[in-house]
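The next block is my_file10.pdb, given as PDB, C-alpha atoms.
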```
ATOM      1  CA  MET A   1      19.470   4.993 -12.003
ATOM      2  CA  ASN A   2      17.680   2.892 -14.623
ATOM      3  CA  LEU A   3      14.287   2.277 -13.049
ATOM      4  CA  TYR A   4      13.306  -0.354 -15.602
ATOM      5  CA  GLU A   5      16.277  -2.504 -14.583
ATOM      6  CA  LEU A   6      15.492  -1.806 -10.928
ATOM      7  CA  ASN A   7      11.931  -3.027 -11.440
ATOM      8  CA  GLU A   8      13.099  -6.184 -13.202
ATOM      9  CA  ARG A   9      15.546  -6.961 -10.409
ATOM     10  CA  LEU A  10      12.873  -6.397  -7.752
ATOM     11  CA  ARG A  11      10.482  -8.733  -9.558
ATOM     12  CA  ALA A  12      13.171 -11.380 -10.023
ATOM     13  CA  GLU A  13      14.206 -11.342  -6.370
ATOM     14  CA  ALA A  14      10.602 -11.304  -5.133
ATOM     15  CA  GLY A  15       9.932 -14.321  -7.346
ATOM     16  CA  LYS A  16      12.329 -16.340  -5.180
ATOM     17  CA  VAL A  17       9.797 -16.333  -2.331
ATOM     18  CA  ILE A  18       6.473 -15.142  -3.814
ATOM     19  CA  VAL A  19       4.674 -17.309  -6.357
ATOM     20  CA  GLY A  20       2.314 -15.323  -8.553
ATOM     21  CA  GLN A  21       0.955 -11.988  -7.272
ATOM     22  CA  GLU A  22       3.241 -10.140  -9.734
ATOM     23  CA  GLU A  23       0.697  -7.368 -10.295
ATOM     24  CA  VAL A  24       0.102  -7.012  -6.552
ATOM     25  CA  PHE A  25       3.821  -6.753  -5.859
ATOM     26  CA  THR A  26       4.272  -4.179  -8.649
ATOM     27  CA  GLN A  27       1.462  -2.054  -7.219
ATOM     28  CA  VAL A  28       3.060  -2.182  -3.764
ATOM     29  CA  VAL A  29       6.415  -1.111  -5.254
ATOM     30  CA  VAL A  30       4.745   1.748  -7.159
ATOM     31  CA  ALA A  31       3.051   2.947  -3.971
ATOM     32  CA  PHE A  32       6.301   2.739  -2.018
ATOM     33  CA  LEU A  33       8.296   4.745  -4.569
ATOM     34  CA  ALA A  34       5.449   7.278  -4.804
ATOM     35  CA  GLY A  35       5.594   7.744  -1.024
ATOM     36  CA  GLY A  36       2.168   6.291  -0.284
ATOM     37  CA  HIS A  37       0.517   3.642   1.865
ATOM     38  CA  VAL A  38      -1.336   0.505   0.797
ATOM     39  CA  LEU A  39      -4.405  -1.336   2.056
ATOM     40  CA  LEU A  40      -4.028  -5.019   1.140
ATOM     41  CA  GLU A  41      -7.346  -6.819   1.051
ATOM     42  CA  GLY A  42      -7.608 -10.578   0.774
ATOM     43  CA  VAL A  43      -8.523 -13.730   2.640
ATOM     44  CA  PRO A  44      -5.967 -15.179   5.079
ATOM     45  CA  GLY A  45      -3.092 -17.124   3.582
ATOM     46  CA  VAL A  46      -2.634 -15.391   0.206
ATOM     47  CA  ALA A  47       0.846 -13.933   0.979
ATOM     48  CA  LYS A  48      -0.073 -10.429   2.185
ATOM     49  CA  THR A  49       2.416 -10.550   5.067
ATOM     50  CA  LEU A  50       5.028 -12.230   2.881
ATOM     51  CA  ILE A  51       4.781  -9.421   0.322
ATOM     52  CA  ALA A  52       5.394  -6.794   3.016
ATOM     53  CA  LYS A  53       8.358  -8.643   4.544
ATOM     54  CA  THR A  54       9.878  -9.310   1.127
ATOM     55  CA  LEU A  55       9.684  -5.644   0.122
ATOM     56  CA  ALA A  56      11.401  -4.613   3.360
ATOM     57  CA  ARG A  57      14.267  -7.045   2.730
ATOM     58  CA  LEU A  58      14.722  -5.990  -0.885
ATOM     59  CA  ILE A  59      15.116  -2.320   0.035
ATOM     60  CA  GLU A  60      17.150  -2.946   3.204
ATOM     61  CA  ALA A  61      14.483  -1.307   5.352
ATOM     62  CA  ASP A  62      13.482  -1.959   8.952
ATOM     63  CA  PHE A  63      10.241  -3.911   9.268
ATOM     64  CA  GLY A  64       7.645  -3.885  12.047
ATOM     65  CA  ARG A  65       4.377  -5.715  12.497
ATOM     66  CA  ILE A  66       1.370  -4.709  14.595
ATOM     67  CA  GLN A  67      -1.406  -7.234  15.169
ATOM     68  CA  PHE A  68      -4.557  -5.156  15.534
ATOM     69  CA  THR A  69      -7.050  -6.494  18.072
ATOM     70  CA  ALA A  70     -10.097  -5.120  19.861
ATOM     71  CA  ASP A  71      -8.096  -4.355  23.025
ATOM     72  CA  LEU A  72      -5.153  -2.648  21.280
ATOM     73  CA  MET A  73      -4.517   0.866  22.615
ATOM     74  CA  PRO A  74      -3.020   3.869  20.754
ATOM     75  CA  SER A  75       0.031   3.731  23.038
ATOM     76  CA  ASP A  76       0.622   0.162  21.831
ATOM     77  CA  VAL A  77       1.119   1.634  18.350
ATOM     78  CA  VAL A  78       3.010   4.912  18.876
ATOM     79  CA  GLY A  79       4.668   4.305  22.259
ATOM     80  CA  THR A  80       4.470   6.008  25.639
ATOM     81  CA  GLN A  81       6.497   7.864  28.263
ATOM     82  CA  VAL A  82       7.863   5.536  30.957
ATOM     83  CA  PHE A  83       9.333   6.602  34.295
ATOM     84  CA  ASP A  84      12.868   5.370  35.027
ATOM     85  CA  LEU A  85      13.191   4.883  38.806
ATOM     86  CA  ASN A  86      16.980   4.725  38.706
ATOM     87  CA  ARG A  87      17.383   8.021  36.849
ATOM     88  CA  SER A  88      14.206   9.645  38.237
ATOM     89  CA  GLU A  89      13.086  10.806  34.808
ATOM     90  CA  PHE A  90      10.721   9.844  32.002
ATOM     91  CA  TYR A  91      11.963   8.358  28.758
ATOM     92  CA  LEU A  92      10.160   7.487  25.516
ATOM     93  CA  ARG A  93       9.507   3.836  24.896
ATOM     94  CA  LYS A  94       8.911   3.876  21.158
ATOM     95  CA  GLY A  95       6.110   1.822  19.667
ATOM     96  CA  PRO A  96       6.334  -0.401  16.577
ATOM     97  CA  ILE A  97       5.345   2.570  14.386
ATOM     98  CA  PHE A  98       8.974   3.745  14.602
ATOM     99  CA  THR A  99      10.274   1.750  11.642
ATOM    100  CA  ASN A 100      10.398   2.009   7.841
ATOM    101  CA  ILE A 101       7.723  -0.452   6.749
ATOM    102  CA  VAL A 102       4.868  -1.201   9.139
ATOM    103  CA  LEU A 103       2.494  -4.099   8.605
ATOM    104  CA  ALA A 104      -0.798  -3.166  10.277
ATOM    105  CA  ASP A 105      -2.303  -6.639  10.317
ATOM    106  CA  GLU A 106      -6.118  -6.806  10.287
ATOM    107  CA  ILE A 107      -6.417  -3.076  10.860
ATOM    108  CA  ASN A 108     -10.227  -3.210  11.004
ATOM    109  CA  ARG A 109     -10.135  -5.343  14.175
ATOM    110  CA  ALA A 110      -9.043  -2.388  16.321
ATOM    111  CA  PRO A 111     -11.465   0.323  17.505
ATOM    112  CA  ALA A 112     -11.497   3.748  15.870
ATOM    113  CA  LYS A 113      -9.389   5.340  18.620
ATOM    114  CA  THR A 114      -6.524   2.961  17.891
ATOM    115  CA  GLN A 115      -6.960   3.144  14.123
ATOM    116  CA  SER A 116      -6.645   6.912  14.386
ATOM    117  CA  ALA A 117      -3.199   6.517  15.962
ATOM    118  CA  LEU A 118      -1.982   5.796  12.441
ATOM    119  CA  LEU A 119      -3.510   8.907  10.853
ATOM    120  CA  GLU A 120      -0.898  11.464  11.871
ATOM    121  CA  ALA A 121       1.908   9.038  11.060
ATOM    122  CA  MET A 122       0.520   8.321   7.593
ATOM    123  CA  GLU A 123      -0.170  11.950   6.709
ATOM    124  CA  GLU A 124       2.617  13.868   8.458
ATOM    125  CA  GLN A 125       5.272  11.149   8.968
ATOM    126  CA  GLN A 126       5.350  12.003  12.647
ATOM    127  CA  VAL A 127       3.565  11.055  15.872
ATOM    128  CA  SER A 128       2.591  13.151  18.893
ATOM    129  CA  ILE A 129       3.136  11.672  22.345
ATOM    130  CA  ASP A 130       2.190  13.753  25.385
ATOM    131  CA  GLY A 131       2.169  16.877  23.212
ATOM    132  CA  VAL A 132       5.658  16.297  21.808
ATOM    133  CA  GLN A 133       6.104  15.583  18.092
ATOM    134  CA  HIS A 134       8.484  12.839  17.040
ATOM    135  CA  ARG A 135       9.609  12.457  13.422
ATOM    136  CA  LEU A 136       9.492   9.018  11.831
ATOM    137  CA  ASP A 137      12.258   7.620   9.692
ATOM    138  CA  ASP A 138      12.378   8.046   5.928
ATOM    139  CA  PRO A 139      11.150   6.037   4.131
ATOM    140  CA  PHE A 140       7.963   5.295   6.021
ATOM    141  CA  MET A 141       5.166   3.128   4.671
ATOM    142  CA  VAL A 142       2.099   1.510   6.197
ATOM    143  CA  LEU A 143       0.909  -1.749   4.655
ATOM    144  CA  ALA A 144      -2.435  -2.517   6.270
ATOM    145  CA  THR A 145      -4.281  -5.792   5.746
ATOM    146  CA  GLN A 146      -7.990  -6.445   5.832
ATOM    147  CA  ASN A 147     -10.074  -9.608   5.521
ATOM    148  CA  PRO A 148     -12.933  -8.938   3.060
ATOM    149  CA  ILE A 149     -15.025 -11.883   4.257
ATOM    150  CA  GLU A 150     -15.193 -11.800   8.050
ATOM    151  CA  TYR A 151     -16.676  -8.569   9.402
ATOM    152  CA  GLU A 152     -18.070  -9.807  12.717
ATOM    153  CA  GLY A 153     -16.505  -7.896  15.596
ATOM    154  CA  THR A 154     -14.638  -5.492  13.314
ATOM    155  CA  TYR A 155     -14.555  -1.709  13.001
ATOM    156  CA  PRO A 156     -14.776  -0.679   9.317
ATOM    157  CA  LEU A 157     -12.446   2.158   8.392
ATOM    158  CA  PRO A 158     -14.307   5.423   7.665
ATOM    159  CA  GLU A 159     -13.952   7.019   4.230
ATOM    160  CA  ALA A 160     -11.683   9.787   5.563
ATOM    161  CA  GLN A 161      -9.231   7.207   6.868
ATOM    162  CA  LEU A 162      -9.436   5.037   3.761
ATOM    163  CA  ASP A 163      -8.465   8.101   1.744
ATOM    164  CA  ARG A 164      -5.080   8.143   3.522
ATOM    165  CA  PHE A 165      -4.170   4.986   1.639
ATOM    166  CA  LEU A 166      -2.731   5.628  -1.792
ATOM    167  CA  PHE A 167      -3.778   2.176  -3.067
ATOM    168  CA  ARG A 168      -6.315  -0.434  -2.104
ATOM    169  CA  VAL A 169      -4.900  -3.631  -3.578
ATOM    170  CA  LEU A 170      -6.928  -6.827  -3.887
ATOM    171  CA  VAL A 171      -4.910  -9.995  -3.258
ATOM    172  CA  GLY A 172      -6.572 -13.017  -4.827
ATOM    173  CA  TYR A 173      -6.055 -16.755  -4.931
ATOM    174  CA  PRO A 174      -3.223 -18.275  -6.982
ATOM    175  CA  THR A 175      -3.874 -20.238 -10.153
ATOM    176  CA  ASP A 176      -3.691 -24.044 -10.101
ATOM    177  CA  GLU A 177      -0.134 -24.076 -11.454
ATOM    178  CA  GLN A 178       0.972 -21.350  -9.032
ATOM    179  CA  GLU A 179      -0.475 -23.293  -6.098
ATOM    180  CA  ARG A 180       1.332 -26.443  -7.221
ATOM    181  CA  GLU A 181       4.571 -24.447  -7.336
ATOM    182  CA  ILE A 182       3.899 -23.190  -3.796
ATOM    183  CA  LEU A 183       3.518 -26.798  -2.652
ATOM    184  CA  ARG A 184       6.730 -27.830  -4.428
ATOM    185  CA  ARG A 185       8.671 -25.074  -2.681
ATOM    186  CA  TYR A 186       7.360 -25.970   0.750
ATOM    187  CA  HIS A 187       8.080 -29.616   0.048
ATOM    188  CA  ALA A 188      11.671 -28.598  -0.771
ATOM    189  CA  GLY A 189      12.013 -26.824   2.571
ATOM    190  CA  PHE A 190      10.902 -23.224   1.982
ATOM    191  CA  ASP A 191       9.735 -21.445   5.152
ATOM    192  CA  ALA A 192       7.985 -18.071   4.788
ATOM    193  CA  HIS A 193       8.882 -17.286   8.403
ATOM    194  CA  ARG A 194      12.619 -17.610   7.716
ATOM    195  CA  LEU A 195      13.313 -15.308   4.790
ATOM    196  CA  ASP A 196      16.916 -15.057   5.917
ATOM    197  CA  ARG A 197      17.341 -18.553   4.460
ATOM    198  CA  SER A 198      15.795 -17.649   1.101
ATOM    199  CA  ASN A 199      18.879 -16.119  -0.517
ATOM    200  CA  LEU A 200      17.154 -12.779  -1.090
ATOM    201  CA  THR A 201      19.554 -10.116  -2.353
ATOM    202  CA  PRO A 202      18.722  -6.459  -1.552
ATOM    203  CA  VAL A 203      18.145  -4.471  -4.738
ATOM    204  CA  LEU A 204      18.373  -0.949  -3.360
ATOM    205  CA  SER A 205      19.036   0.865  -0.124
ATOM    206  CA  ARG A 206      17.528   3.877   1.576
ATOM    207  CA  ALA A 207      20.431   5.959   0.252
ATOM    208  CA  ASP A 208      19.223   5.303  -3.311
ATOM    209  CA  LEU A 209      15.774   6.768  -2.748
ATOM    210  CA  PRO A 210      16.547  10.487  -3.354
ATOM    211  CA  ALA A 211      17.926   9.701  -6.828
ATOM    212  CA  ILE A 212      14.956   7.454  -7.609
ATOM    213  CA  ARG A 213      12.470  10.115  -6.510
ATOM    214  CA  ALA A 214      14.276  12.719  -8.599
ATOM    215  CA  ALA A 215      14.090  10.445 -11.652
ATOM    216  CA  ILE A 216      10.352   9.935 -11.131
ATOM    217  CA  GLN A 217       9.798  13.662 -10.639
ATOM    218  CA  ALA A 218      11.518  14.315 -13.975
ATOM    219  CA  ILE A 219       9.069  12.122 -15.945
ATOM    220  CA  THR A 220       7.354  14.180 -18.668
ATOM    221  CA  VAL A 221       3.596  14.689 -18.497
ATOM    222  CA  GLU A 222       1.890  16.212 -21.532
ATOM    223  CA  GLU A 223      -1.043  18.583 -21.172
ATOM    224  CA  GLY A 224      -3.351  15.956 -22.622
ATOM    225  CA  ILE A 225      -2.541  13.604 -19.730
ATOM    226  CA  PHE A 226      -3.422  16.319 -17.204
ATOM    227  CA  GLY A 227      -6.752  16.710 -18.977
ATOM    228  CA  TYR A 228      -7.310  12.948 -19.099
ATOM    229  CA  ILE A 229      -6.756  12.538 -15.351
ATOM    230  CA  THR A 230      -9.030  15.510 -14.645
ATOM    231  CA  GLN A 231     -11.810  14.228 -16.903
ATOM    232  CA  ILE A 232     -11.780  10.833 -15.196
ATOM    233  CA  ALA A 233     -11.976  12.457 -11.741
ATOM    234  CA  ASN A 234     -14.860  14.684 -12.870
ATOM    235  CA  ALA A 235     -16.642  11.722 -14.455
ATOM    236  CA  THR A 236     -16.681   9.893 -11.115
ATOM    237  CA  ARG A 237     -18.409  12.894  -9.541
ATOM    238  CA  ARG A 238     -21.091  12.938 -12.258
ATOM    239  CA  SER A 239     -21.604   9.182 -12.559
ATOM    240  CA  PRO A 240     -25.200   8.029 -11.980
ATOM    241  CA  ASP A 241     -23.766   4.885 -10.376
ATOM    242  CA  LEU A 242     -21.988   6.754  -7.585
ATOM    243  CA  ILE A 243     -22.969   8.691  -4.473
ATOM    244  CA  LEU A 244     -19.410   9.897  -3.941
ATOM    245  CA  GLY A 245     -16.750  10.435  -6.592
ATOM    246  CA  GLY A 246     -13.023  10.944  -6.357
ATOM    247  CA  SER A 247     -11.567  14.038  -4.693
ATOM    248  CA  PRO A 248      -8.644  16.123  -6.024
ATOM    249  CA  ARG A 249      -6.446  13.908  -3.850
ATOM    250  CA  ALA A 250      -7.445  10.984  -6.091
ATOM    251  CA  ALA A 251      -6.377  12.961  -9.167
ATOM    252  CA  ILE A 252      -3.036  13.857  -7.538
ATOM    253  CA  ALA A 253      -2.513  10.204  -6.620
ATOM    254  CA  THR A 254      -3.224   9.224 -10.228
ATOM    255  CA  LEU A 255      -0.612  11.658 -11.494
ATOM    256  CA  LEU A 256       2.110  10.608  -9.036
ATOM    257  CA  THR A 257       1.597   6.876  -9.465
ATOM    258  CA  SER A 258       1.262   7.009 -13.255
ATOM    259  CA  LYS A 259       4.633   8.796 -13.378
ATOM    260  CA  THR A 260       6.112   6.128 -11.115
ATOM    261  CA  TYR A 261       4.591   3.319 -13.178
ATOM    262  CA  ALA A 262       5.896   4.872 -16.417
ATOM    263  CA  ALA A 263       9.405   5.136 -14.945
ATOM    264  CA  LEU A 264       9.361   1.479 -13.895
ATOM    265  CA  GLN A 265       8.346   0.542 -17.445
ATOM    266  CA  GLY A 266      11.411   2.350 -18.773
ATOM    267  CA  ARG A 267       9.632   5.382 -20.218
ATOM    268  CA  ALA A 268      10.466   9.034 -19.677
ATOM    269  CA  TYR A 269       6.866  10.121 -20.293
ATOM    270  CA  VAL A 270       3.362   9.144 -19.152
ATOM    271  CA  THR A 271       0.919   7.456 -21.530
ATOM    272  CA  PRO A 272      -2.847   6.923 -21.121
ATOM    273  CA  ASP A 273      -2.100   3.229 -20.478
ATOM    274  CA  ASP A 274       0.051   4.220 -17.482
ATOM    275  CA  VAL A 275      -2.905   6.154 -16.101
ATOM    276  CA  LYS A 276      -5.259   3.202 -16.660
ATOM    277  CA  ALA A 277      -2.808   0.850 -14.917
ATOM    278  CA  VAL A 278      -3.146   2.685 -11.589
ATOM    279  CA  LEU A 279      -6.778   3.815 -11.651
ATOM    280  CA  LEU A 280      -8.478   0.839 -10.003
ATOM    281  CA  PRO A 281      -6.309   0.633  -6.855
ATOM    282  CA  ILE A 282      -6.578   4.414  -6.498
ATOM    283  CA  TYR A 283     -10.340   4.774  -6.873
ATOM    284  CA  ARG A 284     -11.842   1.531  -5.541
ATOM    285  CA  HIS A 285     -11.742   2.793  -1.924
ATOM    286  CA  ARG A 286     -12.534   6.421  -2.719
ATOM    287  CA  ILE A 287     -15.902   6.050  -4.433
ATOM    288  CA  ILE A 288     -19.260   4.985  -2.973
ATOM    289  CA  LEU A 289     -21.788   3.140  -5.110
ATOM    290  CA  ARG A 290     -25.493   3.906  -5.192
ATOM    291  CA  PRO A 291     -27.738   1.081  -3.973
ATOM    292  CA  GLU A 292     -29.172   0.747  -7.478
ATOM    293  CA  ALA A 293     -25.706   0.019  -8.887
ATOM    294  CA  GLU A 294     -25.078  -2.628  -6.240
ATOM    295  CA  ILE A 295     -28.443  -4.252  -7.013
ATOM    296  CA  GLU A 296     -27.371  -4.301 -10.646
ATOM    297  CA  GLY A 297     -24.376  -6.364  -9.536
ATOM    298  CA  LEU A 298     -21.727  -3.688 -10.042
ATOM    299  CA  ASP A 299     -18.721  -3.117  -7.827
ATOM    300  CA  ALA A 300     -16.240  -0.235  -7.658
ATOM    301  CA  ASP A 301     -13.956  -1.745 -10.309
ATOM    302  CA  ALA A 302     -16.810  -2.313 -12.756
ATOM    303  CA  VAL A 303     -18.020   1.273 -12.351
ATOM    304  CA  MET A 304     -14.512   2.643 -12.876
ATOM    305  CA  GLN A 305     -14.116   0.535 -16.019
ATOM    306  CA  ARG A 306     -17.378   2.031 -17.323
ATOM    307  CA  ILE A 307     -16.106   5.513 -16.581
ATOM    308  CA  VAL A 308     -12.712   4.943 -18.208
ATOM    309  CA  ALA A 309     -14.440   3.587 -21.327
ATOM    310  CA  SER A 310     -16.549   6.754 -21.524
ATOM    311  CA  VAL A 311     -13.593   9.169 -21.337
ATOM    312  CA  PRO A 312     -11.637   9.526 -24.602
ATOM    313  CA  ALA A 313      -7.914   8.996 -24.128
ATOM    314  CA  PRO A 314      -5.563  11.644 -25.551
ATOM    315  CA  ARG A 315      -3.404  10.744 -28.509
TER
END
```
Target encoding structure tokens, full file:
Amino acid sequence: MNLYELNERLRAEAGKVIVGQEEVFTQVVVAFLAGGHVLLEGVPGVAKTLIAKTLARLIEADFGRIQFTADLMPSDVVGTQVFDLNRSEFYLRKGPIFTNIVLADEINRAPAKTQSALLEAMEEQQVSIDGVQHRLDDPFMVLATQNPIEYEGTYPLPEAQLDRFLFRVLVGYPTDEQEREILRRYHAGFDAHRLDRSNLTPVLSRADLPAIRAAIQAITVEEGIFGYITQIANATRRSPDLILGGSPRAAIATLLTSKTYAALQGRAYVTPDDVKAVLLPIYRHRIILRPEAEIEGLDADAVMQRIVASVPAPR
């Protein structure tokens, strides 16, 4: 399968319902094909839910949405055993986690006990209910959203749980022209809640995924790229701006997603630019800044850009 053509078709179809956010959508597609999960961070109303629903339609996957609230229980996520009076036996009432793409909306509004219900699913692609393990469907992806402005009454995700997300993607405001186009579409009758009326054509199916994964696995990685990824990871651990640098999991994520990104660009090999294209969403939730760096006005992206500039890229 030609992954460059696949990427172009995905972008073209997504453009029927999503205005702008091309880079965000590409990062979500890269994470999906790499088998990872994404934390979408942005203010309400910037198309985070629309991106998740559009991806599910384009890959013919089942979609589920969980609205996280302070009173949400783990059983509301994974399901529970229910007693059937007629048959005098228990049966499993599956929770919304049993789907292909799960939108965990405002994940930081639920307490830690409920947030942790996602951990086993995200890491092992299974859930345990009353001591019995239940496999989840393949593919399985969690797209969690988070509001970066309003933190009152929320439960920030701990670093160990943030590390389960392959990418942390920032979803910003549209440009003036993009916002005018959004208004034109709504004026013409577009309804984001009725994507079935949007003439979206699926681009791939779940049956195509093994071939796509095999093509990504076959992407060539030169020794210099291995060294480049390693040097960047080590530089985060030595940076005077950081308390905590990236773990080996961050380096592995860089390798897998740079191969996926290269394949979607139509290349059979990874370049330093492919590595740079995925670094920020990989590292921005895996590093912790020193107070001095924050006082200086730096954020995670600015520190990573400093680090990348200090590491020579291989030829």
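For the point (-0.4, 8.4, 6.5), the residues with an atom at a distance of at most 8 Å are A:Gly36, A:His37, A:Leu118, A:Leu119, A:Glu120, A:Ala121, A:Met122, A:Glu123, A:Glu124, A:Gln125, A:Met141, A:Val142, A:Arg164, A:Phe165, counting all atoms listed in the file.
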Test item: the PyMOL selection byres ((chain A and resi 241) around 8) resolved as a ChimeraX atom specification
/A:239-240,242-243,289-290,292-293,303
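The two atoms in question, atom CA of Asn108 of chain A and atom CA of Ile129 of chain A, are spaced 23.0 Å apart.
Here the PyMOL selection byres ((chain A and resi 153-159) around 10) matches the residues Thr69, Ala70, Glu106, Ile107, Asn108, Arg109, Ala110, Pro111, Ala112, Gln115, Ser116, Gln146, Asn147, Glu150, Tyr151, Glu152, Ala160, Gln161, Leu162, Asp163, Arg164, His285, Arg286, Ile287 and Ile288 of chain A.
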File dump, residues just selected, C-alpha atoms, as an mmCIF file, in the frame of the given file:
```
data_model
loop_
_atom_site.group_PDB
_atom_site.id
_atom_site.type_symbol
_atom_site.label_atom_id
_atom_site.label_comp_id
_atom_site.auth_asym_id
_atom_site.auth_seq_id
_atom_site.Cartn_x
_atom_site.Cartn_y
_atom_site.Cartn_z
ATOM 1 C CA THR A 69 -7.050 -6.494 18.072
ATOM 2 C CA ALA A 70 -10.097 -5.120 19.861
ATOM 3 C CA GLU A 106 -6.118 -6.806 10.287
ATOM 4 C CA ILE A 107 -6.417 -3.076 10.860
ATOM 5 C CA ASN A 108 -10.227 -3.210 11.004
ATOM 6 C CA ARG A 109 -10.135 -5.343 14.175
ATOM 7 C CA ALA A 110 -9.043 -2.388 16.321
ATOM 8 C CA PRO A 111 -11.465 0.323 17.505
ATOM 9 C CA ALA A 112 -11.497 3.748 15.870
ATOM 10 C CA GLN A 115 -6.960 3.144 14.123
ATOM 11 C CA SER A 116 -6.645 6.912 14.386
ATOM 12 C CA GLN A 146 -7.990 -6.445 5.832
ATOM 13 C CA ASN A 147 -10.074 -9.608 5.521
ATOM 14 C CA GLU A 150 -15.193 -11.800 8.050
ATOM 15 C CA TYR A 151 -16.676 -8.569 9.402
ATOM 16 C CA GLU A 152 -18.070 -9.807 12.717
ATOM 17 C CA ALA A 160 -11.683 9.787 5.563
ATOM 18 C CA GLN A 161 -9.231 7.207 6.868
ATOM 19 C CA LEU A 162 -9.436 5.037 3.761
ATOM 20 C CA ASP A 163 -8.465 8.101 1.744
ATOM 21 C CA ARG A 164 -5.080 8.143 3.522
ATOM 22 C CA HIS A 285 -11.742 2.793 -1.924
ATOM 23 C CA ARG A 286 -12.534 6.421 -2.719
ATOM 24 C CA ILE A 287 -15.902 6.050 -4.433
ATOM 25 C CA ILE A 288 -19.260 4.985 -2.973
#
```
Could you give me, as JSON lines, every segment 126-220 of chain A residue with an atom at most 8 Å from segment 255-277 of chain A, plus its closest atom pair and distance in Å to one decimal, counting all atoms listed in the file, rows ordered by chain then number?
```
{"residue": "A:Ala215", "atom": "CA", "partner": "A:Ala263", "partner_atom": "CA", "distance": 7.8}
{"residue": "A:Ile216", "atom": "CA", "partner": "A:Thr260", "partner_atom": "CA", "distance": 5.7}
{"residue": "A:Gln217", "atom": "CA", "partner": "A:Lys259", "partner_atom": "CA", "distance": 7.6}
{"residue": "A:Ala218", "atom": "CA", "partner": "A:Ala268", "partner_atom": "CA", "distance": 7.8}
{"residue": "A:Ile219", "atom": "CA", "partner": "A:Ala268", "partner_atom": "CA", "distance": 5.0}
{"residue": "A:Thr220", "atom": "CA", "partner": "A:Tyr269", "partner_atom": "CA", "distance": 4.4}
```
Using all atoms listed in the file, which protein or nucleic acid residues come within 12 Å of Phe140 of chain A? Drop anything in the same chain fewer than 5 positions from it, and give the result as a ChimeraX atom specification.
/A:31-38,56,61-64,97-103,118,121-126,135,206,209
List the residues selected by the PyMOL selection byres ((chain A and resi 145) around 6) in the file shown, writing them as a VMD selection string.
chain A and resid 39 to 41 105 to 106 144 146
For those residues, write C-alpha atoms to a file as a PDB file, in the coordinates of the input.
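Saved as selection_4.pdb:
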```pdb
ATOM      1  CA  LEU A  39      -4.405  -1.336   2.056  1.00  0.00           C
ATOM      2  CA  LEU A  40      -4.028  -5.019   1.140  1.00  0.00           C
ATOM      3  CA  GLU A  41      -7.346  -6.819   1.051  1.00  0.00           C
ATOM      4  CA  ASP A 105      -2.303  -6.639  10.317  1.00  0.00           C
ATOM      5  CA  GLU A 106      -6.118  -6.806  10.287  1.00  0.00           C
ATOM      6  CA  ALA A 144      -2.435  -2.517   6.270  1.00  0.00           C
ATOM      7  CA  GLN A 146      -7.990  -6.445   5.832  1.00  0.00           C
TER       8      GLN A 146
END
```
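Compared by their closest atoms to Ala253 of chain A, and using all atoms listed in the file, the residues A:Phe68, A:Tyr186, A:Phe25, A:Tyr283 rank with A:Tyr283 nearest.
Atom CA of Gly15 of chain A to atom CA of Ile51 of chain A spans 10.5 Å [interatomic distance, one decimal].
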Neighbour list for Leu204 of chain A as a VMD selection string, cut-off 12 Å, all atoms listed in the file, skip fewer than 5 positions in-chain
chain A and resid 1 to 3 5 to 7 9 to 10 13 33 55 to 61 209 to 212
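Atom CA of Gly42 of chain A lies 6.0 Å from atom CA of Pro148 of chain A.
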List every protein, DNA or RNA residue that has at least one atom no more than 10 Å from (-5.6, 5.1, 23.7) in the file's coordinates, counting only C-alpha atoms, and write the result as a VMD selection string.
chain A and resid 71 to 78 111 to 117
Within 8 Å of Ala192 of chain A, counting all atoms listed in the file, which residues qualify if same-chain residues fewer than 2 places away don't, as a ChimeraX atom specification?
/A:17,50,190,194-195
Axis-aligned box over every listed atom of segment 43-61 of chain A, padded by 4 Å per side: centre and edges in Å to one decimal, as AutoDock Vina command-line options?
```
--center_x 4.3 --center_y -9.2 --center_z 2.2 --size_x 33.7 --size_y 23.8 --size_z 14.2
```
